[in-house]
$ cat start.csv   # CSV, C-alpha atoms
chain,number,residue,atom,x,y,z
D,25,MET,CA,15.6,16.0,13.6
D,26,THR,CA,13.7,16.5,10.4
D,27,ASP,CA,15.0,17.7,7.0
D,28,LEU,CA,13.6,21.2,7.6
D,29,ALA,CA,15.2,21.4,11.0
D,30,VAL,CA,18.6,20.5,9.5
D,31,PHE,CA,18.3,23.1,6.8
D,32,ALA,CA,17.0,25.7,9.3
D,33,THR,CA,19.9,25.1,11.6
D,34,THR,CA,22.4,25.2,8.8
D,35,ARG,CA,21.0,28.4,7.4
D,36,ARG,CA,21.2,30.1,10.8
D,37,VAL,CA,24.9,29.2,11.1
D,38,LEU,CA,25.5,30.4,7.5
D,39,LEU,CA,23.7,33.6,8.1
D,40,VAL,CA,26.2,34.5,10.9
D,41,VAL,CA,29.1,33.4,8.7
D,42,VAL,CA,28.0,35.5,5.8
D,43,PHE,CA,27.3,38.5,7.9
D,44,ALA,CA,30.8,38.3,9.5
D,45,VAL,CA,32.5,37.8,6.1
D,46,GLN,CA,30.7,40.6,4.4
D,47,LEU,CA,31.3,43.1,7.2
D,48,VAL,CA,34.8,42.2,8.3
D,49,LEU,CA,36.6,40.7,5.3
D,50,THR,CA,34.9,42.2,2.2
D,51,LEU,CA,34.0,45.7,3.1
D,52,PRO,CA,37.5,47.0,3.7
D,53,PRO,CA,38.8,45.8,0.2
D,54,LEU,CA,35.7,47.4,-1.4
D,55,VAL,CA,36.3,50.7,0.4
D,56,GLY,CA,40.1,50.6,0.0
D,57,HIS,CA,40.3,50.0,-3.8
D,58,PRO,CA,39.0,52.1,-6.7
D,59,HIS,CA,35.9,50.0,-7.7
D,60,GLY,CA,33.4,51.0,-10.2
D,61,PRO,CA,29.7,51.8,-9.4
D,62,ALA,CA,28.7,48.3,-10.4
D,63,ALA,CA,30.6,46.9,-7.4
D,64,TRP,CA,28.7,49.1,-5.0
D,65,ILE,CA,25.4,48.0,-6.6
D,66,ALA,CA,26.5,44.4,-6.1
D,67,TYR,CA,27.2,45.0,-2.5
D,68,GLY,CA,23.8,46.6,-2.0
D,69,LEU,CA,22.1,43.6,-3.7
D,70,LEU,CA,24.0,41.2,-1.5
D,71,THR,CA,23.1,43.1,1.6
D,72,GLY,CA,19.4,43.1,0.5
D,73,VAL,CA,19.6,39.3,0.1
D,74,LEU,CA,21.1,39.0,3.5
D,75,GLY,CA,18.2,41.0,5.0
D,76,VAL,CA,15.6,38.9,3.2
D,77,VAL,CA,17.2,35.7,4.4
D,78,ALA,CA,17.4,37.1,8.0
D,79,GLY,CA,13.7,37.9,7.8
D,80,TYR,CA,12.9,34.3,6.8
D,81,VAL,CA,15.1,32.9,9.5
D,82,GLY,CA,13.6,35.2,12.1
D,83,ALA,CA,10.1,34.1,11.0
D,84,ALA,CA,11.2,30.4,11.5
D,85,ARG,CA,10.7,29.6,7.8
D,86,ALA,CA,13.1,26.9,6.8
D,87,GLN,CA,13.1,27.6,3.1
D,88,VAL,CA,13.9,30.9,1.2
D,89,PRO,CA,12.8,31.9,-2.3
D,90,PRO,CA,15.0,30.2,-4.9
D,91,TRP,CA,15.0,33.3,-7.0
D,92,LEU,CA,17.4,34.9,-4.5
D,93,GLY,CA,20.1,32.7,-6.2
D,94,ALA,CA,19.6,34.7,-9.4
D,95,VAL,CA,20.0,37.9,-7.5
D,96,VAL,CA,23.3,36.6,-6.0
D,97,LEU,CA,24.6,35.6,-9.5
D,98,THR,CA,23.6,39.1,-10.8
D,99,ALA,CA,25.6,40.6,-8.0
D,100,SER,CA,28.5,38.4,-8.9
D,101,VAL,CA,28.5,39.7,-12.4
D,102,LEU,CA,28.3,43.3,-11.3
D,103,ALA,CA,31.0,42.9,-8.7
D,104,THR,CA,33.4,41.2,-11.1
D,105,THR,CA,32.9,43.7,-13.9
D,106,GLY,CA,33.3,46.5,-11.4
D,107,LEU,CA,36.8,45.4,-10.3
D,108,PRO,CA,39.8,47.6,-10.9
D,109,PRO,CA,42.1,46.6,-13.8
D,110,ALA,CA,43.9,43.2,-13.3
D,111,ALA,CA,42.3,42.8,-9.8
D,112,SER,CA,40.6,39.4,-10.4
D,113,PHE,CA,41.5,36.9,-7.6
D,114,GLU,CA,43.6,39.6,-6.0
D,115,PRO,CA,43.0,41.3,-2.6
D,116,ALA,CA,40.7,43.8,-4.3
D,117,ASP,CA,38.4,41.0,-5.5
D,118,TRP,CA,36.1,41.2,-2.5
D,119,ALA,CA,33.1,39.4,-4.0
D,120,PHE,CA,34.5,36.0,-5.3
D,121,GLY,CA,34.5,34.2,-2.0
D,122,LEU,CA,31.5,36.1,-0.6
D,123,VAL,CA,29.3,35.1,-3.5
D,124,GLY,CA,30.0,31.5,-2.9
D,125,TRP,CA,28.9,31.8,0.7
D,126,TYR,CA,25.7,33.6,-0.4
D,127,LEU,CA,24.9,30.9,-2.9
D,128,LEU,CA,25.3,28.3,-0.1
D,129,LEU,CA,23.1,30.4,2.2
D,130,VAL,CA,20.1,30.6,-0.2
D,131,LEU,CA,20.4,27.2,-2.0
D,132,VAL,CA,21.6,24.9,0.7
D,133,GLU,CA,18.6,22.6,0.4
D,134,ARG,CA,19.0,22.4,-3.4
D,135,PRO,CA,22.4,20.8,-3.9
D,136,VAL,CA,22.2,20.4,-7.7
D,137,VAL,CA,21.1,24.0,-8.3
D,138,LEU,CA,23.8,25.2,-5.8
D,139,VAL,CA,26.6,23.4,-7.5
D,140,SER,CA,25.4,24.7,-10.9
D,141,ALA,CA,25.2,28.2,-9.7
D,142,LEU,CA,28.6,28.0,-8.0
D,143,GLY,CA,30.0,26.6,-11.2
D,144,ALA,CA,28.5,29.5,-13.2
D,145,HIS,CA,30.0,32.0,-10.8
D,146,VAL,CA,33.5,30.4,-11.0
D,147,CYS,CA,33.3,30.2,-14.8
D,148,PHE,CA,32.4,33.8,-15.2
D,149,SER,CA,35.1,34.9,-12.8
D,150,VAL,CA,37.7,32.8,-14.7
D,151,ALA,CA,36.4,34.2,-18.0
D,152,TRP,CA,36.8,37.7,-16.8
D,153,PHE,CA,40.3,36.9,-15.5
D,154,ALA,CA,41.2,35.6,-18.9
D,155,HIS,CA,39.6,38.6,-20.5
D,156,ALA,CA,41.7,41.0,-18.5
D,157,GLY,CA,44.8,39.3,-19.8
D,158,ASN,CA,47.1,39.8,-16.8
D,159,GLY,CA,47.3,38.5,-13.3
D,160,ASP,CA,49.0,35.6,-11.5
D,161,ILE,CA,47.5,32.2,-12.6
D,162,GLY,CA,48.9,30.4,-9.6
D,163,THR,CA,47.3,32.9,-7.2
D,164,ALA,CA,44.0,32.6,-9.1
D,165,GLY,CA,44.1,28.8,-8.8
D,166,VAL,CA,44.8,28.9,-5.1
D,167,VAL,CA,41.9,31.4,-4.5
D,168,ILE,CA,39.4,29.3,-6.6
D,169,LEU,CA,40.4,26.0,-4.9
D,170,SER,CA,40.5,27.3,-1.4
D,171,GLY,CA,37.2,29.2,-1.6
D,172,THR,CA,35.1,26.6,-3.5
D,173,SER,CA,36.5,23.5,-1.7
D,174,PHE,CA,35.6,25.0,1.7
D,175,GLN,CA,32.1,25.9,0.6
D,176,LEU,CA,31.6,22.5,-1.1
D,177,GLY,CA,32.9,20.9,2.1
D,178,VAL,CA,30.1,22.7,4.1
D,179,LEU,CA,27.6,21.4,1.5
D,180,VAL,CA,28.9,17.8,2.0
D,181,ILE,CA,28.7,18.2,5.8
D,182,THR,CA,25.1,19.4,5.5
D,183,ARG,CA,24.2,16.4,3.4
D,184,VAL,CA,25.8,14.0,5.9
D,185,LEU,CA,23.9,15.6,8.7
D,186,LEU,CA,20.7,15.3,6.7
D,187,ARG,CA,21.4,11.6,6.0
D,188,ASP,CA,22.1,11.0,9.7
D,189,ALA,CA,19.0,12.9,10.7
D,190,ARG,CA,16.9,10.8,8.4
D,191,LEU,CA,18.4,7.5,9.7
D,192,ALA,CA,17.8,8.7,13.3
D,193,ALA,CA,14.2,9.6,12.4
D,194,ASP,CA,13.7,6.2,10.7
D,195,ALA,CA,15.2,4.4,13.8
D,196,ALA,CA,12.9,6.4,16.1
D,197,ALA,CA,9.9,5.6,14.0
D,198,GLU,CA,10.8,1.9,14.0
D,199,HIS,CA,11.3,2.0,17.8
D,200,ASP,CA,7.9,3.7,18.3
D,201,ALA,CA,6.2,1.2,15.9
D,202,ALA,CA,7.8,-1.7,17.8
D,203,ARG,CA,6.6,-0.4,21.1
D,204,THR,CA,3.1,0.1,19.6
D,205,ARG,CA,3.1,-3.5,18.4
D,206,GLU,CA,4.3,-4.7,21.8
D,207,ALA,CA,1.5,-2.7,23.5
D,208,LEU,CA,-1.1,-4.0,21.1
D,209,ALA,CA,0.1,-7.6,21.5
D,210,LEU,CA,-0.1,-7.2,25.3
D,211,GLN,CA,-3.6,-5.8,25.1
D,212,ARG,CA,-4.6,-8.6,22.7
D,213,GLU,CA,-3.2,-11.1,25.2
D,214,GLN,CA,-5.2,-9.5,28.0
D,215,ASP,CA,-8.4,-9.5,25.9
D,216,LEU,CA,-7.9,-13.1,25.0
D,217,ARG,CA,-7.3,-14.1,28.6
D,218,ALA,CA,-10.4,-12.2,29.7
D,219,GLY,CA,-12.4,-13.9,27.0
D,220,PHE,CA,-11.2,-17.3,27.9
D,221,GLU,CA,-11.8,-16.7,31.6
D,222,GLY,CA,-15.3,-15.6,30.8
D,223,GLN,CA,-16.1,-18.8,28.8
D,224,LEU,CA,-14.3,-21.0,31.4
D,225,GLY,CA,-16.4,-19.3,34.1
D,226,ALA,CA,-19.5,-20.8,32.4
D,227,LEU,CA,-17.8,-24.1,31.8
D,228,LEU,CA,-16.2,-24.7,35.3
D,229,PRO,CA,-19.6,-25.2,37.1
D,230,LEU,CA,-20.5,-27.8,34.5
D,231,LEU,CA,-17.2,-29.6,34.9
D,232,ALA,CA,-17.5,-29.4,38.7
D,233,ASP,CA,-21.0,-30.9,38.6
D,234,LEU,CA,-19.8,-33.7,36.4
D,235,ALA,CA,-16.8,-34.4,38.6
D,236,ASP,CA,-19.0,-34.5,41.7
D,237,GLU,CA,-21.5,-36.7,39.9
D,238,GLU,CA,-24.3,-34.3,40.6
D,239,VAL,CA,-25.3,-34.5,37.0
D,240,GLY,CA,-24.9,-37.3,34.4
D,241,VAL,CA,-24.3,-37.3,30.7
D,242,THR,CA,-27.5,-39.3,30.2
D,243,ASP,CA,-29.5,-36.2,31.4
D,244,ARG,CA,-30.9,-34.2,28.5
D,245,ALA,CA,-30.2,-30.9,30.3
D,246,THR,CA,-26.6,-31.9,30.9
D,247,ARG,CA,-26.1,-32.8,27.3
D,248,LEU,CA,-27.5,-29.5,26.3
D,249,ARG,CA,-25.1,-27.7,28.7
D,250,CYS,CA,-22.2,-29.7,27.2
D,251,SER,CA,-23.3,-28.9,23.7
D,252,MET,CA,-23.6,-25.2,24.5
D,253,ALA,CA,-20.2,-25.2,26.1
D,254,ALA,CA,-18.6,-27.0,23.1
D,255,VAL,CA,-20.1,-24.5,20.6
D,256,GLN,CA,-19.1,-21.5,22.7
D,257,LEU,CA,-15.5,-22.6,23.2
D,258,ARG,CA,-15.1,-23.6,19.5
D,259,ARG,CA,-16.4,-20.1,18.5
D,260,LEU,CA,-14.0,-18.5,21.0
D,261,PHE,CA,-11.0,-20.4,19.6
D,262,ALA,CA,-12.1,-19.4,16.0
D,263,GLU,CA,-12.5,-15.8,17.0
D,264,ASN,CA,-8.8,-15.4,17.5
D,265,ASP,CA,-7.7,-16.9,14.2
D,266,ASP,CA,-6.1,-14.6,11.6
D,267,VAL,CA,-8.3,-15.2,8.6
D,268,PRO,CA,-9.6,-13.1,5.7
D,269,ASP,CA,-13.3,-13.6,6.7
D,270,PRO,CA,-13.6,-13.8,10.5
D,271,LEU,CA,-17.4,-13.9,10.6
D,272,LEU,CA,-17.7,-16.8,8.2
D,273,HIS,CA,-14.8,-18.6,10.0
D,274,GLU,CA,-16.6,-18.4,13.4
D,275,LEU,CA,-19.9,-19.5,11.9
D,276,THR,CA,-18.1,-22.5,10.2
D,277,ALA,CA,-16.5,-23.4,13.5
D,278,CYS,CA,-19.9,-23.6,15.2
D,279,VAL,CA,-21.4,-25.6,12.3
D,280,ASP,CA,-18.5,-28.0,12.6
D,281,VAL,CA,-19.3,-28.7,16.3
D,282,ALA,CA,-22.9,-29.4,15.4
D,283,GLU,CA,-22.0,-31.7,12.5
D,284,ARG,CA,-19.8,-33.7,14.9
D,285,ARG,CA,-22.9,-34.3,16.9
D,286,GLY,CA,-24.6,-35.7,13.8
D,287,VAL,CA,-26.6,-32.7,12.8
D,288,VAL,CA,-26.8,-32.2,9.0
D,289,VAL,CA,-26.1,-28.5,8.5
D,290,SER,CA,-26.3,-26.5,5.2
D,291,LEU,CA,-24.6,-23.2,5.1
D,292,ALA,CA,-25.5,-20.5,2.5
D,293,VAL,CA,-23.5,-17.3,2.1
D,294,SER,CA,-24.5,-14.3,0.1
D,295,GLY,CA,-22.4,-11.2,-0.4
D,296,THR,CA,-18.8,-10.3,0.0
D,297,ALA,CA,-16.9,-10.0,3.3
D,298,ILE,CA,-17.0,-6.7,5.0
D,299,PRO,CA,-15.3,-5.6,8.3
D,300,VAL,CA,-17.3,-6.6,11.3
D,301,PRO,CA,-16.1,-5.6,14.8
D,302,THR,CA,-15.3,-8.4,17.2
D,303,GLU,CA,-18.1,-7.6,19.7
D,304,VAL,CA,-20.6,-7.4,16.8
D,305,ARG,CA,-19.5,-10.8,15.5
D,306,ARG,CA,-20.0,-12.3,18.9
D,307,GLU,CA,-23.6,-11.0,19.0
D,308,LEU,CA,-24.3,-12.2,15.5
D,309,VAL,CA,-23.0,-15.7,16.0
D,310,ALA,CA,-24.4,-16.3,19.6
D,311,PRO,CA,-28.0,-16.9,18.5
D,312,MET,CA,-27.0,-19.3,15.8
D,313,ALA,CA,-24.7,-21.1,18.2
D,314,ARG,CA,-27.5,-21.6,20.7
D,315,ALA,CA,-29.8,-22.9,18.0
D,316,LEU,CA,-27.2,-25.3,16.7
D,317,ALA,CA,-26.6,-26.5,20.3
D,318,VAL,CA,-30.2,-27.7,20.6
D,319,ALA,CA,-30.6,-28.8,16.9
D,320,GLY,CA,-31.5,-32.4,16.6
D,321,GLY,CA,-31.4,-33.5,13.0
D,322,ARG,CA,-31.1,-30.8,10.4
D,323,ALA,CA,-30.2,-27.2,10.4
D,324,LYS,CA,-29.8,-24.5,7.7
D,325,VAL,CA,-27.6,-21.4,8.3
D,326,SER,CA,-27.7,-18.5,6.0
D,327,VAL,CA,-25.5,-15.3,5.9
D,328,LEU,CA,-26.5,-12.2,3.9
D,329,ARG,CA,-24.0,-9.4,3.7
D,330,THR,CA,-24.7,-6.0,1.9
D,331,ALA,CA,-23.1,-2.6,2.1
D,332,THR,CA,-25.6,-1.6,4.8
D,333,GLU,CA,-26.5,-4.7,6.7
D,334,VAL,CA,-25.3,-8.2,7.8
D,335,ARG,CA,-27.8,-10.9,8.7
D,336,VAL,CA,-27.2,-14.3,10.2
D,337,ALA,CA,-30.2,-16.6,10.2
D,338,VAL,CA,-30.7,-20.3,11.3
D,339,VAL,CA,-33.6,-22.7,11.0
D,340,ALA,CA,-33.1,-26.0,12.9
D,341,ASP,CA,-35.0,-28.9,14.3
D,342,ALA,CA,-35.6,-28.1,17.9
D,343,PRO,CA,-36.8,-30.9,20.1
D,344,GLN,CA,-36.4,-28.6,23.1
D,345,GLU,CA,-36.4,-25.0,24.0
D,346,VAL,CA,-33.5,-22.8,23.1
D,347,PRO,CA,-31.5,-21.7,26.2
D,348,GLU,CA,-31.6,-18.0,27.1
D,349,SER,CA,-28.6,-15.8,26.3
D,350,GLY,CA,-26.4,-14.5,29.0
D,351,GLY,CA,-27.4,-10.9,28.2
D,352,GLU,CA,-29.3,-8.7,25.8
D,353,PRO,CA,-27.4,-7.8,22.5
D,354,VAL,CA,-26.3,-4.2,22.3
D,355,GLN,CA,-25.5,-3.6,18.6
D,356,VAL,CA,-27.5,-6.5,17.0
D,357,THR,CA,-31.2,-7.1,16.6
D,358,VAL,CA,-32.2,-10.7,17.4
D,359,GLU,CA,-35.5,-12.4,16.7
D,360,THR,CA,-35.9,-16.0,17.8
D,361,SER,CA,-39.0,-18.2,17.8
D,362,VAL,CA,-39.8,-21.9,18.3
D,363,HIS,CA,-42.8,-23.4,16.6
D,364,SER,CA,-43.8,-26.9,15.5
D,365,GLY,CA,-40.4,-28.4,16.4
D,366,LEU,CA,-38.4,-25.8,14.5
D,367,VAL,CA,-36.3,-23.0,15.9
D,368,ARG,CA,-35.9,-19.9,13.8
D,369,SER,CA,-33.4,-17.2,14.8
D,370,GLU,CA,-32.1,-14.2,13.0
D,371,ALA,CA,-29.5,-11.6,14.0
D,372,ARG,CA,-29.2,-8.3,12.1
D,373,TRP,CA,-26.5,-5.7,12.3
D,374,ARG,CA,-26.7,-2.4,10.3
D,375,THR,CA,-23.4,-1.1,9.3
D,376,THR,CA,-24.5,2.5,9.1
$ encode --input "start.csv" --output "structure tokens"
Amino acid sequence: MTDLAVFATTRRVLLVVVFAVQLVLTLPPLVGHPHGPAAWIAYGLLTGVLGVVAGYVGAARAQVPPWLGAVVLTASVLATTGLPPAASFEPADWAFGLVGWYLLLVLVERPVVLVSALGAHVCFSVAWFAHAGNGDIGTAGVVILSGTSFQLGVLVITRVLLRDARLAADAAAEHDAARTREALALQREQDLRAGFEGQLGALLPLLADLADEEVGVTDRATRLRCSMAAVQLRRLFAENDDVPDPLLHELTACVDVAERRGVVVSLAVSGTAIPVPTEVRRELVAPMARALAVAGGRAKVSVLRTATEVRVAVVADAPQEVPESGGEPVQVTVETSVHSGLVRSEARWRTT
């Protein structure tokens, strides 16, 4: 339950309470005692406030205008000054308790203002009681204590309900977030499994051929297949690392595999890191990985990143043809050429 829902529910209950108190408990004393015209004006003002609040509640609006509190205090002053002589806190004082309920009705979501307004109402009533100069002090104290304590108790209950509602909402949000994290983790695990299965699907035939001695490591084509598999698997492992710059991390992983084979690789990076989707990173890195897999002596890898484009280029010694890719890139433009013992490959991705 939200804060607005708590206040809306509380105001609906208070609306019924105020209507019952005004109609059943306060109207008979007003009619049965000789009040001045100001008292009837006060009753009319309070009835008008009740109608306005009822309209807001009926329109499902959680908050009411705060200036209604000033109208209620005005009615309090009129009702108190319109009492018969020596009638403060006596049965004829119909407005004292009712005004407190009205203040609670219109200011329930503003506890500081409510307490201040209630204090002003009590102080004026006490001052008028002292001004009249007669009346039972004990009775006045009982009326003040019983009326205000019950109304403040309702305010405290409302704040407790509000706190519990917020705690429940926070707990529900945390539960939903945990379920979302769990679902994302499960999806990530499935994606990783599918990715590994795809790479292993290309590797298993090679392992089977080696195990059956159908191919040998002395064969240049077999060494190329092994080199390609090593670079692809290393890139796949790097793809799932949590690093600030995933693209550069995957490129470095592929470079590391080539350097382990004795290839001298230089890596030049220009521009700051920008977010690159996983699928796009795969298509950007794949041409470079194939070129490094066939590189013989030296290779140069360059990365250029701008606000609108990402380029990954490689120039490497190529004593043999670069193997074909498994499929055409979808989001990346690739240009590859082999000439005079060099392989040149460039992959471009436009961010916009």
$ closest_residue --input "start.csv" --among "D:Leu28, D:Leu122, D:Val81, D:Val180" --to "D:Val41" --atoms "only C-alpha atoms"
D:Leu122
$ atom_distance --input "start.csv" --atom1 "atom CA of D:Gly124" --atom2 "atom CA of D:Leu191"
29.5 Å
$ closest_residue --input "start.csv" --among "D:Leu275, D:Ala196, D:Val77, D:Ala103" --to "D:Pro61" --atoms "all atoms listed in the file"
D:Ala103
$ residues_around --input "start.csv" --residues "D:Ser294" --least-positions-apart "2" --cutoff "10 Å" --atoms "all atoms listed in the file" --output "PyMOL selection string"
chain D and resi 292+296-297+326-330+334-335
$ residues_around --input "start.csv" --residues "D:Ala32" --least-positions-apart "3" --cutoff "9 Å" --atoms "all atoms listed in the file" --output "compact mmCIF listing (two decimals) with C-alpha atoms, keeping the file's coordinate frame"
# COMPACT_ATOMS: atom_id res chain seq x y z
CA ASP D 27 15.00 17.70 7.00
CA LEU D 28 13.60 21.20 7.60
CA ALA D 29 15.20 21.40 11.00
CA ARG D 35 21.00 28.40 7.40
CA ARG D 36 21.20 30.10 10.80
CA VAL D 37 24.90 29.20 11.10
CA VAL D 81 15.10 32.90 9.50
CA ALA D 84 11.20 30.40 11.50
CA ARG D 85 10.70 29.60 7.80
CA ALA D 86 13.10 26.90 6.80
CA GLN D 87 13.10 27.60 3.10
$ atom_distance --input "start.csv" --atom1 "atom CA of D:Ala317" --atom2 "atom CA of D:Pro299"
26.6 Å
$ atom_distance --input "start.csv" --atom1 "atom CA of D:Leu138" --atom2 "atom CA of D:Ile181"
14.4 Å
$ residues_around --input "start.csv" --residues "D:Ala342" --least-positions-apart "2" --cutoff "6 Å" --atoms "all atoms listed in the file" --output "ChimeraX atom specification"
/D:319,340,344,365-367
$ write_last_selection --input "start.csv" --atoms "C-alpha atoms" --output "tab-separated table (two decimals), in the frame of the given file"
chain	number	residue	atom	x	y	z
D	319	ALA	CA	-30.60	-28.80	16.90
D	340	ALA	CA	-33.10	-26.00	12.90
D	344	GLN	CA	-36.40	-28.60	23.10
D	365	GLY	CA	-40.40	-28.40	16.40
D	366	LEU	CA	-38.40	-25.80	14.50
D	367	VAL	CA	-36.30	-23.00	15.90
$ residues_around --input "start.csv" --residues "stretch 263-274 of chain D" --least-positions-apart "4" --cutoff "10 Å" --atoms "all atoms listed in the file" --output "ChimeraX atom specification"
/D:212,216,257-259,278-280,291,293,296-302,304-306,308-309,313,327,336
$ write_last_selection --input "start.csv" --atoms "C-alpha atoms" --output "PDB file, keeping the file's coordinate frame"
ATOM      1  CA  ARG D 212      -4.600  -8.600  22.700  1.00  0.00           C
ATOM      2  CA  LEU D 216      -7.900 -13.100  25.000  1.00  0.00           C
ATOM      3  CA  LEU D 257     -15.500 -22.600  23.200  1.00  0.00           C
ATOM      4  CA  ARG D 258     -15.100 -23.600  19.500  1.00  0.00           C
ATOM      5  CA  ARG D 259     -16.400 -20.100  18.500  1.00  0.00           C
ATOM      6  CA  CYS D 278     -19.900 -23.600  15.200  1.00  0.00           C
ATOM      7  CA  VAL D 279     -21.400 -25.600  12.300  1.00  0.00           C
ATOM      8  CA  ASP D 280     -18.500 -28.000  12.600  1.00  0.00           C
ATOM      9  CA  LEU D 291     -24.600 -23.200   5.100  1.00  0.00           C
ATOM     10  CA  VAL D 293     -23.500 -17.300   2.100  1.00  0.00           C
ATOM     11  CA  THR D 296     -18.800 -10.300   0.000  1.00  0.00           C
ATOM     12  CA  ALA D 297     -16.900 -10.000   3.300  1.00  0.00           C
ATOM     13  CA  ILE D 298     -17.000  -6.700   5.000  1.00  0.00           C
ATOM     14  CA  PRO D 299     -15.300  -5.600   8.300  1.00  0.00           C
ATOM     15  CA  VAL D 300     -17.300  -6.600  11.300  1.00  0.00           C
ATOM     16  CA  PRO D 301     -16.100  -5.600  14.800  1.00  0.00           C
ATOM     17  CA  THR D 302     -15.300  -8.400  17.200  1.00  0.00           C
ATOM     18  CA  VAL D 304     -20.600  -7.400  16.800  1.00  0.00           C
ATOM     19  CA  ARG D 305     -19.500 -10.800  15.500  1.00  0.00           C
ATOM     20  CA  ARG D 306     -20.000 -12.300  18.900  1.00  0.00           C
ATOM     21  CA  LEU D 308     -24.300 -12.200  15.500  1.00  0.00           C
ATOM     22  CA  VAL D 309     -23.000 -15.700  16.000  1.00  0.00           C
ATOM     23  CA  ALA D 313     -24.700 -21.100  18.200  1.00  0.00           C
ATOM     24  CA  VAL D 327     -25.500 -15.300   5.900  1.00  0.00           C
ATOM     25  CA  VAL D 336     -27.200 -14.300  10.200  1.00  0.00           C
TER      26      VAL D 336
END
$ residues_near_point --input "start.csv" --point "(-33.2, -33.1, 6.7)" --cutoff "7 Å" --atoms "all atoms listed in the file" --output "PyMOL selection string"
chain D and resi 288+321-322
$ residues_near_point --input "start.csv" --point "(-28.2, -24.9, 16.3)" --cutoff "10 Å" --atoms "only C-alpha atoms" --output "PyMOL selection string"
chain D and resi 251-252+255+278-279+281-283+287+289+310-325+338-342+346+367-369
$ closest_residue --input "start.csv" --among "D:Leu131, D:Leu97, D:Leu51, D:Ala44" --to "D:Phe148" --atoms "only C-alpha atoms"
D:Leu97
$ residues_around --input "start.csv" --residues "D:Val184" --least-positions-apart "6" --cutoff "12 Å" --atoms "only C-alpha atoms" --output "number ranges by chain"
D: 27, 30-31, 177-178, 190-191
$ closest_residue --input "start.csv" --among "D:Val45, D:Val73, D:Leu39, D:Ala110" --to "D:Ile161" --atoms "all atoms listed in the file"
D:Ala110
$ closest_residue --input "start.csv" --among "D:Ala201, D:Val139, D:Val88, D:Leu54" --to "D:Thr104" --atoms "all atoms listed in the file"
D:Leu54
$ closest_residue --input "start.csv" --among "D:Leu179, D:Ala62, D:Val95, D:Leu127" --to "D:Leu142" --atoms "all atoms listed in the file"
D:Leu127
